[in-house]
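> One file is attached below, target.cif, containing mmCIF, C-alpha atoms and all ligand atoms.
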data_protein
loop_
_atom_site.group_PDB
_atom_site.id
_atom_site.type_symbol
_atom_site.label_atom_id
_atom_site.label_comp_id
_atom_site.auth_asym_id
_atom_site.auth_seq_id
_atom_site.Cartn_x
_atom_site.Cartn_y
_atom_site.Cartn_z
ATOM 1 C CA MET A 247 -13.981 -2.366 -23.535
ATOM 2 C CA LYS A 248 -13.105 -2.260 -27.229
ATOM 3 C CA HIS A 249 -10.542 -4.357 -29.090
ATOM 4 C CA TYR A 250 -9.102 -3.461 -32.490
ATOM 5 C CA LEU A 251 -8.696 -6.853 -34.170
ATOM 6 C CA GLN A 252 -9.902 -5.962 -37.643
ATOM 7 C CA PHE A 253 -10.907 -2.808 -39.507
ATOM 8 C CA ASN A 254 -14.611 -3.591 -39.025
ATOM 9 C CA ASP A 255 -14.232 -3.239 -35.250
ATOM 10 C CA LEU A 256 -14.777 0.537 -35.453
ATOM 11 C CA THR A 257 -17.537 2.521 -37.160
ATOM 12 C CA ALA A 258 -17.218 5.190 -39.855
ATOM 13 C CA ASP A 259 -18.003 7.769 -37.195
ATOM 14 C CA GLU A 260 -15.212 6.489 -34.946
ATOM 15 C CA TYR A 261 -12.797 6.642 -37.891
ATOM 16 C CA ALA A 262 -13.787 10.236 -38.605
ATOM 17 C CA TYR A 263 -12.921 11.054 -34.982
ATOM 18 C CA LEU A 264 -9.611 9.124 -35.121
ATOM 19 C CA PHE A 265 -8.448 10.849 -38.319
ATOM 20 C CA GLU A 266 -9.102 14.266 -36.782
ATOM 21 C CA ARG A 267 -7.485 13.289 -33.529
ATOM 22 C CA ALA A 268 -4.424 11.850 -35.311
ATOM 23 C CA ALA A 269 -4.000 15.137 -37.204
ATOM 24 C CA LEU A 270 -4.004 17.048 -33.921
ATOM 25 C CA ILE A 271 -1.620 14.595 -32.241
ATOM 26 C CA LYS A 272 0.724 14.829 -35.241
ATOM 27 C CA LYS A 273 0.645 18.619 -35.134
ATOM 28 C CA LYS A 274 1.568 18.585 -31.445
ATOM 29 C CA PHE A 275 4.407 16.116 -32.091
ATOM 30 C CA LYS A 276 5.840 18.319 -34.846
ATOM 31 C CA ALA A 277 5.701 21.348 -32.523
ATOM 32 C CA TYR A 278 7.457 19.437 -29.667
ATOM 33 C CA GLU A 279 4.335 20.013 -27.581
ATOM 34 C CA LYS A 280 3.835 17.514 -24.743
ATOM 35 C CA HIS A 281 0.785 15.251 -25.022
ATOM 36 C CA HIS A 282 0.730 12.855 -22.067
ATOM 37 C CA PRO A 283 -2.753 11.388 -21.652
ATOM 38 C CA LEU A 284 -1.389 7.888 -20.899
ATOM 39 C CA VAL A 285 0.920 8.578 -17.943
ATOM 40 C CA ASP A 286 1.385 5.395 -15.845
ATOM 41 C CA ARG A 287 -0.216 3.238 -18.566
ATOM 42 C CA THR A 288 1.689 0.293 -20.020
ATOM 43 C CA LEU A 289 1.463 -1.303 -23.451
ATOM 44 C CA ALA A 290 2.630 -4.898 -23.936
ATOM 45 C CA MET A 291 3.824 -5.569 -27.492
ATOM 46 C CA ILE A 292 3.935 -9.227 -28.489
ATOM 47 C CA PHE A 293 5.747 -10.095 -31.705
ATOM 48 C CA GLU A 294 5.566 -13.577 -33.186
ATOM 49 C CA LYS A 295 6.833 -12.207 -36.522
ATOM 50 C CA ALA A 296 9.522 -9.664 -37.421
ATOM 51 C CA SER A 297 8.854 -5.914 -37.510
ATOM 52 C CA THR A 298 10.512 -2.538 -37.929
ATOM 53 C CA ARG A 299 7.687 0.004 -38.383
ATOM 54 C CA THR A 300 5.140 -1.585 -36.070
ATOM 55 C CA ARG A 301 7.676 -1.942 -33.261
ATOM 56 C CA VAL A 302 9.076 1.575 -33.555
ATOM 57 C CA SER A 303 5.734 3.302 -34.112
ATOM 58 C CA PHE A 304 4.004 1.643 -31.145
ATOM 59 C CA GLU A 305 6.990 1.933 -28.832
ATOM 60 C CA ALA A 306 7.896 5.540 -29.638
ATOM 61 C CA GLY A 307 4.195 6.442 -29.751
ATOM 62 C CA MET A 308 3.433 5.030 -26.313
ATOM 63 C CA TYR A 309 6.401 6.855 -24.732
ATOM 64 C CA GLN A 310 5.301 10.078 -26.402
ATOM 65 C CA LEU A 311 1.855 9.634 -24.824
ATOM 66 C CA GLY A 312 3.518 9.452 -21.393
ATOM 67 C CA GLY A 313 3.242 5.685 -21.006
ATOM 68 C CA SER A 314 5.687 2.817 -21.193
ATOM 69 C CA VAL A 315 6.056 -0.459 -23.063
ATOM 70 C CA VAL A 316 7.010 -4.086 -22.534
ATOM 71 C CA HIS A 317 8.342 -5.907 -25.598
ATOM 72 C CA LEU A 318 7.917 -9.678 -25.905
ATOM 73 C CA THR A 319 8.735 -12.083 -28.703
ATOM 74 C CA THR A 320 7.969 -15.756 -29.169
ATOM 75 C CA GLY A 321 11.645 -16.602 -28.764
ATOM 76 C CA ASP A 322 12.210 -14.832 -25.465
ATOM 77 C CA SER A 323 8.935 -15.613 -23.679
ATOM 78 C CA GLN A 324 6.932 -18.684 -22.691
ATOM 79 C CA LEU A 325 4.797 -18.095 -25.794
ATOM 80 C CA GLY A 326 7.468 -19.968 -27.714
ATOM 81 C CA ARG A 327 7.348 -22.834 -25.234
ATOM 82 C CA ALA A 328 3.674 -23.622 -25.767
ATOM 83 C CA GLU A 329 2.118 -21.820 -22.812
ATOM 84 C CA PRO A 330 -1.580 -21.732 -23.790
ATOM 85 C CA ILE A 331 -2.618 -18.428 -25.360
ATOM 86 C CA ASP A 332 -5.561 -18.184 -22.931
ATOM 87 C CA ASP A 333 -3.207 -18.367 -19.947
ATOM 88 C CA SER A 334 -0.815 -15.831 -21.482
ATOM 89 C CA ALA A 335 -3.707 -13.440 -22.073
ATOM 90 C CA LYS A 336 -5.005 -13.790 -18.523
ATOM 91 C CA VAL A 337 -1.577 -13.108 -17.029
ATOM 92 C CA ILE A 338 -0.305 -10.339 -19.305
ATOM 93 C CA SER A 339 -3.583 -8.421 -19.183
ATOM 94 C CA ARG A 340 -3.490 -8.296 -15.371
ATOM 95 C CA MET A 341 -0.258 -6.300 -15.508
ATOM 96 C CA VAL A 342 -0.640 -3.919 -18.421
ATOM 97 C CA ASP A 343 -3.337 -1.584 -19.756
ATOM 98 C CA LEU A 344 -3.167 -2.412 -23.443
ATOM 99 C CA VAL A 345 -1.786 -5.209 -25.632
ATOM 100 C CA MET A 346 -0.581 -5.112 -29.248
ATOM 101 C CA ILE A 347 -0.024 -8.476 -30.956
ATOM 102 C CA ARG A 348 1.591 -9.451 -34.246
ATOM 103 C CA THR A 349 0.952 -13.111 -34.932
ATOM 104 C CA TYR A 350 -0.124 -15.750 -37.440
ATOM 105 C CA GLU A 351 -3.786 -16.808 -37.444
ATOM 106 C CA GLN A 352 -6.507 -14.275 -36.686
ATOM 107 C CA THR A 353 -8.104 -16.920 -34.431
ATOM 108 C CA LYS A 354 -5.076 -16.615 -32.147
ATOM 109 C CA ILE A 355 -5.512 -12.893 -31.541
ATOM 110 C CA GLU A 356 -9.267 -13.404 -31.145
ATOM 111 C CA ARG A 357 -8.591 -16.019 -28.517
ATOM 112 C CA PHE A 358 -6.152 -13.739 -26.716
ATOM 113 C CA ALA A 359 -8.732 -10.928 -26.756
ATOM 114 C CA ALA A 360 -11.430 -13.249 -25.407
ATOM 115 C CA HIS A 361 -9.293 -13.865 -22.315
ATOM 116 C CA SER A 362 -7.868 -10.364 -21.933
ATOM 117 C CA ARG A 363 -8.961 -7.838 -19.327
ATOM 118 C CA VAL A 364 -7.613 -4.989 -21.454
ATOM 119 C CA PRO A 365 -7.992 -3.831 -25.084
ATOM 120 C CA VAL A 366 -6.051 -5.788 -27.709
ATOM 121 C CA ILE A 367 -4.758 -4.280 -30.965
ATOM 122 C CA ASN A 368 -3.926 -6.275 -34.105
ATOM 123 C CA GLY A 369 -0.376 -5.400 -35.193
ATOM 124 C CA LEU A 370 -0.750 -7.777 -38.195
ATOM 125 C CA THR A 371 -2.077 -11.294 -38.617
ATOM 126 C CA ASN A 372 -2.112 -13.579 -41.654
ATOM 127 C CA GLU A 373 -5.583 -12.237 -42.387
ATOM 128 C CA PHE A 374 -5.548 -8.524 -41.492
ATOM 129 C CA HIS A 375 -3.371 -5.431 -40.903
ATOM 130 C CA PRO A 376 -5.839 -2.782 -39.687
ATOM 131 C CA CYS A 377 -3.296 -0.326 -38.196
ATOM 132 C CA GLN A 378 -1.598 -0.082 -41.587
ATOM 133 C CA ILE A 379 -4.821 0.720 -43.442
ATOM 134 C CA LEU A 380 -5.679 3.244 -40.737
ATOM 135 C CA ALA A 381 -2.354 4.964 -41.527
ATOM 136 C CA ASP A 382 -2.820 4.625 -45.284
ATOM 137 C CA ILE A 383 -6.246 6.278 -45.280
ATOM 138 C CA PHE A 384 -5.009 9.022 -42.966
ATOM 139 C CA THR A 385 -2.138 9.604 -45.424
ATOM 140 C CA PHE A 386 -4.559 9.721 -48.346
ATOM 141 C CA ILE A 387 -6.712 12.282 -46.529
ATOM 142 C CA GLU A 388 -3.651 14.432 -45.739
ATOM 143 C CA HIS A 389 -2.675 14.538 -49.401
ATOM 144 C CA ARG A 390 -6.010 14.468 -51.214
ATOM 145 C CA GLY A 391 -8.889 15.013 -48.767
ATOM 146 C CA SER A 392 -11.745 12.569 -48.114
ATOM 147 C CA ILE A 393 -11.386 9.052 -49.512
ATOM 148 C CA GLN A 394 -15.154 8.685 -49.897
ATOM 149 C CA GLY A 395 -16.082 7.881 -53.511
ATOM 150 C CA LYS A 396 -12.434 7.450 -54.523
ATOM 151 C CA THR A 397 -10.861 4.393 -56.176
ATOM 152 C CA VAL A 398 -7.956 2.395 -54.748
ATOM 153 C CA ALA A 399 -6.159 -0.079 -57.048
ATOM 154 C CA TRP A 400 -4.700 -3.083 -55.255
ATOM 155 C CA VAL A 401 -2.104 -4.873 -57.408
ATOM 156 C CA GLY A 402 -0.627 -8.131 -56.119
ATOM 157 C CA ASP A 403 -1.354 -10.712 -53.468
ATOM 158 C CA GLY A 404 -4.824 -11.231 -51.988
ATOM 159 C CA ASN A 405 -3.254 -10.968 -48.539
ATOM 160 C CA ASN A 406 -3.798 -9.363 -45.113
ATOM 161 C CA MET A 407 -3.419 -5.850 -46.563
ATOM 162 C CA ALA A 408 -5.847 -6.538 -49.425
ATOM 163 C CA ASN A 409 -8.424 -8.034 -47.054
ATOM 164 C CA THR A 410 -8.221 -4.981 -44.852
ATOM 165 C CA TRP A 411 -8.580 -2.566 -47.790
ATOM 166 C CA LEU A 412 -11.807 -4.376 -48.701
ATOM 167 C CA GLN A 413 -13.208 -3.974 -45.214
ATOM 168 C CA ALA A 414 -12.278 -0.297 -45.209
ATOM 169 C CA ALA A 415 -13.884 0.315 -48.617
ATOM 170 C CA ALA A 416 -17.214 -1.154 -47.544
ATOM 171 C CA LEU A 417 -17.143 0.825 -44.290
ATOM 172 C CA LEU A 418 -15.881 4.192 -45.575
ATOM 173 C CA SER A 419 -17.632 4.160 -48.975
ATOM 174 C CA PHE A 420 -14.826 4.006 -51.497
ATOM 175 C CA LYS A 421 -13.968 1.468 -54.212
ATOM 176 C CA VAL A 422 -11.188 -1.090 -54.436
ATOM 177 C CA HIS A 423 -10.066 -2.469 -57.793
ATOM 178 C CA VAL A 424 -8.244 -5.705 -57.051
ATOM 179 C CA SER A 425 -5.928 -7.527 -59.419
ATOM 180 C CA THR A 426 -4.216 -10.699 -58.216
ATOM 181 C CA PRO A 427 -2.711 -13.612 -60.128
ATOM 182 C CA ARG A 428 -4.904 -16.686 -60.438
ATOM 183 C CA GLY A 429 -4.702 -18.734 -57.249
ATOM 184 C CA TYR A 430 -3.908 -15.711 -55.051
ATOM 185 C CA GLU A 431 -7.360 -14.116 -55.020
ATOM 186 C CA ILE A 432 -8.919 -12.454 -52.012
ATOM 187 C CA ASP A 433 -11.235 -14.574 -49.897
ATOM 188 C CA GLU A 434 -14.161 -12.147 -50.033
ATOM 189 C CA LYS A 435 -16.073 -13.698 -47.158
ATOM 190 C CA LEU A 436 -13.110 -13.443 -44.865
ATOM 191 C CA ALA A 437 -12.193 -9.968 -46.071
ATOM 192 C CA VAL A 438 -15.480 -8.366 -45.378
ATOM 193 C CA GLY A 439 -16.874 -10.699 -42.736
ATOM 194 C CA ALA A 440 -20.386 -10.796 -41.472
ATOM 195 C CA GLY A 441 -21.077 -7.225 -42.573
ATOM 196 C CA GLY A 442 -20.893 -8.266 -46.248
ATOM 197 C CA THR A 443 -19.333 -6.232 -49.038
ATOM 198 C CA SER A 444 -21.424 -4.110 -51.318
ATOM 199 C CA ALA A 445 -20.933 -4.797 -55.014
ATOM 200 C CA SER A 446 -20.091 -1.132 -55.438
ATOM 201 C CA SER A 447 -17.029 -1.257 -53.154
ATOM 202 C CA TYR A 448 -15.083 -4.079 -54.822
ATOM 203 C CA GLN A 449 -14.222 -5.088 -58.380
ATOM 204 C CA PHE A 450 -11.857 -7.812 -59.598
ATOM 205 C CA PHE A 451 -9.616 -7.408 -62.650
ATOM 206 C CA SER A 452 -7.461 -10.179 -64.083
ATOM 207 C CA ASN A 453 -5.313 -7.524 -65.784
ATOM 208 C CA PRO A 454 -3.445 -5.277 -63.296
ATOM 209 C CA LEU A 455 -3.212 -2.434 -65.824
ATOM 210 C CA GLU A 456 -6.999 -2.318 -66.080
ATOM 211 C CA ALA A 457 -7.296 -2.282 -62.293
ATOM 212 C CA CYS A 458 -5.180 0.885 -62.221
ATOM 213 C CA GLN A 459 -7.328 2.737 -64.751
ATOM 214 C CA GLY A 460 -8.813 5.849 -63.188
ATOM 215 C CA ALA A 461 -7.456 5.000 -59.705
ATOM 216 C CA ASP A 462 -6.800 7.747 -57.154
ATOM 217 C CA LEU A 463 -4.345 5.509 -55.327
ATOM 218 C CA VAL A 464 -2.273 2.570 -56.546
ATOM 219 C CA THR A 465 -0.947 0.277 -53.860
ATOM 220 C CA THR A 466 0.807 -3.054 -53.541
ATOM 221 C CA ASP A 467 2.707 -5.216 -51.076
ATOM 222 C CA VAL A 468 5.335 -7.951 -51.026
ATOM 223 C CA TRP A 469 4.634 -11.034 -53.115
ATOM 224 C CA THR A 470 5.486 -13.288 -50.190
ATOM 225 C CA SER A 471 4.137 -12.334 -46.790
ATOM 226 C CA MET A 472 5.686 -13.428 -43.516
ATOM 227 C CA GLY A 473 4.876 -17.043 -42.817
ATOM 228 C CA TYR A 474 4.672 -17.983 -46.534
ATOM 229 C CA GLU A 475 8.418 -18.036 -47.263
ATOM 230 C CA ALA A 476 8.333 -21.656 -48.485
ATOM 231 C CA GLU A 477 6.245 -20.455 -51.478
ATOM 232 C CA ASN A 478 8.714 -17.721 -52.448
ATOM 233 C CA GLU A 479 10.056 -19.181 -55.709
ATOM 234 C CA GLU A 480 6.635 -20.279 -56.913
ATOM 235 C CA ARG A 481 5.216 -16.828 -56.100
ATOM 236 C CA LYS A 482 8.001 -15.009 -57.974
ATOM 237 C CA LYS A 483 6.857 -16.780 -61.148
ATOM 238 C CA ALA A 484 3.137 -16.294 -60.554
ATOM 239 C CA PHE A 485 3.461 -12.572 -59.721
ATOM 240 C CA ALA A 486 5.890 -11.565 -62.503
ATOM 241 C CA ASP A 487 3.233 -9.435 -64.284
ATOM 242 C CA TRP A 488 2.055 -7.791 -61.050
ATOM 243 C CA CYS A 489 4.914 -5.332 -60.636
ATOM 244 C CA VAL A 490 3.677 -1.740 -60.289
ATOM 245 C CA ASP A 491 5.522 0.225 -62.964
ATOM 246 C CA ALA A 492 5.320 3.574 -64.749
ATOM 247 C CA GLU A 493 2.776 2.202 -67.251
ATOM 248 C CA MET A 494 0.390 1.249 -64.434
ATOM 249 C CA MET A 495 0.844 4.644 -62.776
ATOM 250 C CA ALA A 496 0.157 6.309 -66.139
ATOM 251 C CA ALA A 497 -3.137 4.381 -66.390
ATOM 252 C CA ALA A 498 -4.227 5.814 -63.036
ATOM 253 C CA ARG A 499 -5.408 9.395 -62.565
ATOM 254 C CA PRO A 500 -2.672 11.978 -63.173
ATOM 255 C CA ASP A 501 -2.758 12.942 -59.497
ATOM 256 C CA ALA A 502 -2.791 9.322 -58.261
ATOM 257 C CA LEU A 503 -0.697 8.487 -55.228
ATOM 258 C CA PHE A 504 1.421 5.365 -54.748
ATOM 259 C CA MET A 505 1.547 3.557 -51.391
ATOM 260 C CA HIS A 506 3.309 0.476 -50.050
ATOM 261 C CA CYS A 507 3.177 -0.626 -46.420
ATOM 262 C CA LEU A 508 6.893 -1.569 -46.598
ATOM 263 C CA PRO A 509 9.266 -3.354 -46.473
ATOM 264 C CA ALA A 510 9.496 -3.171 -50.294
ATOM 265 C CA HIS A 511 11.410 -5.181 -52.861
ATOM 266 C CA ARG A 512 12.306 -2.886 -55.746
ATOM 267 C CA GLY A 513 12.155 -4.760 -59.052
ATOM 268 C CA GLU A 514 9.629 -7.273 -57.684
ATOM 269 C CA GLU A 515 6.240 -5.840 -56.644
ATOM 270 C CA VAL A 516 7.240 -2.264 -57.564
ATOM 271 C CA GLU A 517 9.788 -0.598 -59.816
ATOM 272 C CA ALA A 518 12.242 1.778 -58.174
ATOM 273 C CA ASP A 519 11.111 4.730 -60.328
ATOM 274 C CA VAL A 520 7.593 4.364 -58.888
ATOM 275 C CA ILE A 521 8.353 3.873 -55.189
ATOM 276 C CA ASP A 522 11.094 6.521 -55.315
ATOM 277 C CA GLY A 523 9.156 8.736 -57.732
ATOM 278 C CA PRO A 524 7.051 11.882 -57.239
ATOM 279 C CA GLN A 525 3.701 10.095 -56.782
ATOM 280 C CA SER A 526 4.972 7.922 -53.943
ATOM 281 C CA VAL A 527 4.030 8.851 -50.363
ATOM 282 C CA VAL A 528 5.518 5.784 -48.690
ATOM 283 C CA TRP A 529 7.602 7.710 -46.131
ATOM 284 C CA ASP A 530 4.604 9.755 -44.956
ATOM 285 C CA GLU A 531 2.661 6.516 -44.854
ATOM 286 C CA ALA A 532 5.264 4.871 -42.595
ATOM 287 C CA GLU A 533 5.526 7.895 -40.286
ATOM 288 C CA ASN A 534 1.763 8.135 -40.005
ATOM 289 C CA ARG A 535 1.625 4.678 -38.433
ATOM 290 C CA MET A 536 2.826 6.340 -35.265
ATOM 291 C CA HIS A 537 0.393 9.265 -35.304
ATOM 292 C CA VAL A 538 -2.727 7.193 -36.007
ATOM 293 C CA GLN A 539 -1.771 4.524 -33.481
ATOM 294 C CA LYS A 540 -1.290 7.189 -30.810
ATOM 295 C CA ALA A 541 -4.846 8.346 -31.539
ATOM 296 C CA LEU A 542 -6.035 4.724 -31.465
ATOM 297 C CA MET A 543 -4.340 3.876 -28.141
ATOM 298 C CA GLU A 544 -5.679 7.051 -26.547
ATOM 299 C CA TYR A 545 -9.174 6.236 -27.847
ATOM 300 C CA LEU A 546 -9.179 2.616 -26.682
ATOM 301 C CA LEU A 547 -8.076 3.632 -23.176
ATOM 302 C CA LEU A 548 -9.783 6.975 -22.626
ATOM 303 C CA GLY A 549 -12.528 7.296 -25.238
ATOM 304 C CA ARG A 550 -13.120 10.530 -27.124
ATOM 305 C CA GLN A 551 -11.060 13.460 -25.956
ATOM 306 C CA GLY A 552 -11.637 17.153 -26.403
ATOM 307 C CA ALA A 553 -8.931 19.414 -27.873
HETATM 308 N N1 LIG B 1 4.330 -2.084 -42.559
HETATM 309 C C1 LIG B 1 4.697 -2.785 -41.476
HETATM 310 O O1 LIG B 1 3.869 -3.279 -40.699
HETATM 311 O O2 LIG B 1 6.052 -2.853 -41.284
HETATM 312 P P1 LIG B 1 6.835 -3.759 -40.248
HETATM 313 O O3 LIG B 1 6.682 -5.180 -40.675
HETATM 314 O O4 LIG B 1 8.261 -3.271 -40.322
HETATM 315 O O5 LIG B 1 6.256 -3.549 -38.876
HETATM 316 N N1 LIG B 2 1.737 -8.618 -46.159
HETATM 317 C C1 LIG B 2 2.982 -8.407 -45.459
HETATM 318 C C2 LIG B 2 2.937 -7.078 -44.745
HETATM 319 C C3 LIG B 2 4.197 -6.738 -43.995
HETATM 320 C C4 LIG B 2 4.066 -5.475 -43.221
HETATM 321 C C5 LIG B 2 3.223 -9.548 -44.496
HETATM 322 O O1 LIG B 2 2.255 -10.018 -43.884
HETATM 323 O O2 LIG B 2 4.366 -9.981 -44.363
#
Would you mind giving the structure from this file in structure tokens?


Amino acid sequence: MKHYLQFNDLTADEYAYLFERAALIKKKFKAYEKHHPLVDRTLAMIFEKASTRTRVSFEAGMYQLGGSVVHLTTGDSQLGRAEPIDDSAKVISRMVDLVMIRTYEQTKIERFAAHSRVPVINGLTNEFHPCQILADIFTFIEHRGSIQGKTVAWVGDGNNMANTWLQAAALLSFKVHVSTPRGYEIDEKLAVGAGGTSASSYQFFSNPLEACQGADLVTTDVWTSMGYEAENEERKKAFADWCVDAEMMAAARPDALFMHCLPAHRGEEVEADVIDGPQSVVWDEAENRMHVQKALMEYLLLGRQGA
């Protein structure tokens, strides 16, 4: 049984399969062709934080695969009334085939997985957001081909998205240029984990404009992630120079793409003319969450499938 708790949980070879499979699943979806490998299977979705894309993409995706979903939040389940996570995992995983969790600490999802009888998928933790990077790389491949050897510029917070980009770069052989304000740097050890990052996959820049130079993809995220709202005002000051604007896009390659996992705050981490401009692929990126996660759910439950 495989869990998907961080990007490192799958190999480069498994990702190559998933990207191909997601392309096929997307093609079928666009042609209104039925694809029901998960009939009678149930996905439990547990949200301890808010969501639009993750909820819709997993829920719609599971129905499209022929399965069904159960949606739980902290507020409307015993999770919010301090039932131990181990007990919740033991119970929920006896009744469903797959669990997706969005929560706070990575240790919480790890603990759930340790007591689960079924595969567990990380739908975002404070530390990682692997499903989003899966969608982002799939989107890059759709627009530009292989990401191997390419350069991704990360401008902003050293957060769950940034950590996951670093893991992906080391695993799939591309580079990440990271620029964060002082005090908001990536925790490299956490980002790459036991596997270790190679010096060639990660470079830090104190100047965000320099990080964008020669990039094939420029990407950012909110200045204040969920769970850090108390720091909002302080972060607005610290991040003022880390807004992706036309000058940063001009420093990147002429064919560079712009991505943002969304939700976005125009005028904070990105200017409207960038996110709504011709280099932005944010809507494809959001849609692709569903296609890649369908491939992921199918893979975790059934393994590799033929055409
Ligand atoms: N990008 C993303 O995970 O969006 P939601 O918070 O809306 O799920
Ligand atoms: N880094 C953001 C991503 C939201 C999808 C957060 O954790 O809130």

> Mind working out the centre and edge lengths of an axis-aligned box for ligand LIG 2 (chain B), all listed atoms inside, 6 Å added to each side, rounded to one decimal in Å and written as lines of an AutoDock Vina configuration file?


center_x = 3.1
center_y = -7.7
center_z = -44.7
size_x = 14.6
size_y = 16.5
size_z = 14.9

> When the PyMOL selection byres (((not hetatm)) within 10 of (chain B and resi 2)) is applied to the structure above, which residues does it catch, written out as a ChimeraX atom specification?

/A:295-300,348-350,369-375,378,403-408,466-475,506-510

> Print the selection's residues with C-alpha atoms to a file, as a PDB file, keeping the file's coordinate frame.


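Output saved as again22.pdb:
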ATOM      1  CA  LYS A 295       6.833 -12.207 -36.522  1.00  0.00           C
ATOM      2  CA  ALA A 296       9.522  -9.664 -37.421  1.00  0.00           C
ATOM      3  CA  SER A 297       8.854  -5.914 -37.510  1.00  0.00           C
ATOM      4  CA  THR A 298      10.512  -2.538 -37.929  1.00  0.00           C
ATOM      5  CA  ARG A 299       7.687   0.004 -38.383  1.00  0.00           C
ATOM      6  CA  THR A 300       5.140  -1.585 -36.070  1.00  0.00           C
ATOM      7  CA  ARG A 348       1.591  -9.451 -34.246  1.00  0.00           C
ATOM      8  CA  THR A 349       0.952 -13.111 -34.932  1.00  0.00           C
ATOM      9  CA  TYR A 350      -0.124 -15.750 -37.440  1.00  0.00           C
ATOM     10  CA  GLY A 369      -0.376  -5.400 -35.193  1.00  0.00           C
ATOM     11  CA  LEU A 370      -0.750  -7.777 -38.195  1.00  0.00           C
ATOM     12  CA  THR A 371      -2.077 -11.294 -38.617  1.00  0.00           C
ATOM     13  CA  ASN A 372      -2.112 -13.579 -41.654  1.00  0.00           C
ATOM     14  CA  GLU A 373      -5.583 -12.237 -42.387  1.00  0.00           C
ATOM     15  CA  PHE A 374      -5.548  -8.524 -41.492  1.00  0.00           C
ATOM     16  CA  HIS A 375      -3.371  -5.431 -40.903  1.00  0.00           C
ATOM     17  CA  GLN A 378      -1.598  -0.082 -41.587  1.00  0.00           C
ATOM     18  CA  ASP A 403      -1.354 -10.712 -53.468  1.00  0.00           C
ATOM     19  CA  GLY A 404      -4.824 -11.231 -51.988  1.00  0.00           C
ATOM     20  CA  ASN A 405      -3.254 -10.968 -48.539  1.00  0.00           C
ATOM     21  CA  ASN A 406      -3.798  -9.363 -45.113  1.00  0.00           C
ATOM     22  CA  MET A 407      -3.419  -5.850 -46.563  1.00  0.00           C
ATOM     23  CA  ALA A 408      -5.847  -6.538 -49.425  1.00  0.00           C
ATOM     24  CA  THR A 466       0.807  -3.054 -53.541  1.00  0.00           C
ATOM     25  CA  ASP A 467       2.707  -5.216 -51.076  1.00  0.00           C
ATOM     26  CA  VAL A 468       5.335  -7.951 -51.026  1.00  0.00           C
ATOM     27  CA  TRP A 469       4.634 -11.034 -53.115  1.00  0.00           C
ATOM     28  CA  THR A 470       5.486 -13.288 -50.190  1.00  0.00           C
ATOM     29  CA  SER A 471       4.137 -12.334 -46.790  1.00  0.00           C
ATOM     30  CA  MET A 472       5.686 -13.428 -43.516  1.00  0.00           C
ATOM     31  CA  GLY A 473       4.876 -17.043 -42.817  1.00  0.00           C
ATOM     32  CA  TYR A 474       4.672 -17.983 -46.534  1.00  0.00           C
ATOM     33  CA  GLU A 475       8.418 -18.036 -47.263  1.00  0.00           C
ATOM     34  CA  HIS A 506       3.309   0.476 -50.050  1.00  0.00           C
ATOM     35  CA  CYS A 507       3.177  -0.626 -46.420  1.00  0.00           C
ATOM     36  CA  LEU A 508       6.893  -1.569 -46.598  1.00  0.00           C
ATOM     37  CA  PRO A 509       9.266  -3.354 -46.473  1.00  0.00           C
ATOM     38  CA  ALA A 510       9.496  -3.171 -50.294  1.00  0.00           C
TER      39      ALA A 510
END

> The residues within 9 Å of (2.1, 17.8, -56.7), using only C-alpha atoms and the coordinates of the file, should be reported as a list in words; which are they?

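Those residues, ordered by chain and then number, are Asp501, Pro524 and Gln525 of chain A.
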
> Using all atoms listed in the file, find the one residue out of A:Leu463, A:Leu380, A:Leu436, A:Leu284 that sits nearest to ligand LIG 1 (chain B).

A:Leu380

> Ranking A:Leu325, A:Ile432, A:Val528, A:Ala306 by minimum distance to ligand LIG 1 (chain B) and counting all atoms listed in the file, which one comes first?

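The shortest atom-to-atom distance to ligand LIG 1 (chain B) comes from A:Val528.
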
> Which residues match the PyMOL selection byres (((chain A and resi 397) around 7) and not hetatm) in the file above, as a PyMOL selection string?

chain A and resi 395-396+398-399+420-422+461-463

> So that I have them on file, write out the residues from the current selection with C-alpha atoms, as a tab-separated table (two decimals), in the frame of the given file.


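What landed in selection.tsv:
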chain	number	residue	atom	x	y	z
A	395	GLY	CA	-16.08	7.88	-53.51
A	396	LYS	CA	-12.43	7.45	-54.52
A	398	VAL	CA	-7.96	2.40	-54.75
A	399	ALA	CA	-6.16	-0.08	-57.05
A	420	PHE	CA	-14.83	4.01	-51.50
A	421	LYS	CA	-13.97	1.47	-54.21
A	422	VAL	CA	-11.19	-1.09	-54.44
A	461	ALA	CA	-7.46	5.00	-59.70
A	462	ASP	CA	-6.80	7.75	-57.15
A	463	LEU	CA	-4.34	5.51	-55.33

> Using all atoms listed in the file, determine which residues lie at most 12 Å from Lys274 of chain A, disregarding the query and same-chain residues fewer than 6 positions distant; provide the list as a count of residues only.

10

> Could you tell me which residues the PyMOL selection byres (((chain A and resi 254) around 10) and not hetatm) returns for this structure, as a ChimeraX atom specification?

/A:250-253,255-258,376,410,413-414,416-417,437-441

> Which residue gives the smallest distance to ligand LIG 1 (chain B) among A:Leu542, A:Cys377, A:Ala290, A:Leu412, with only C-alpha atoms and all ligand atoms counted?

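Once distances to ligand LIG 1 (chain B) are computed over only C-alpha atoms and all ligand atoms, the minimum belongs to A:Cys377.
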
> For a quick check of understanding, using all atoms listed in the file, which of A:Asp522, A:Glu434, A:Asp343, A:Glu531 has the smallest distance to ligand LIG 1 (chain B)?

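Comparing A:Asp522, A:Glu434, A:Asp343, A:Glu531 against ligand LIG 1 (chain B), the winner is A:Glu531.
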
> Which of these residues is nearest to ligand LIG 1 (chain B), using all atoms listed in the file: A:Ile367, A:Leu418, A:Ala328, A:Ala532?

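When distances to ligand LIG 1 (chain B) are compared using all atoms listed in the file, the smallest one comes from A:Ala532.
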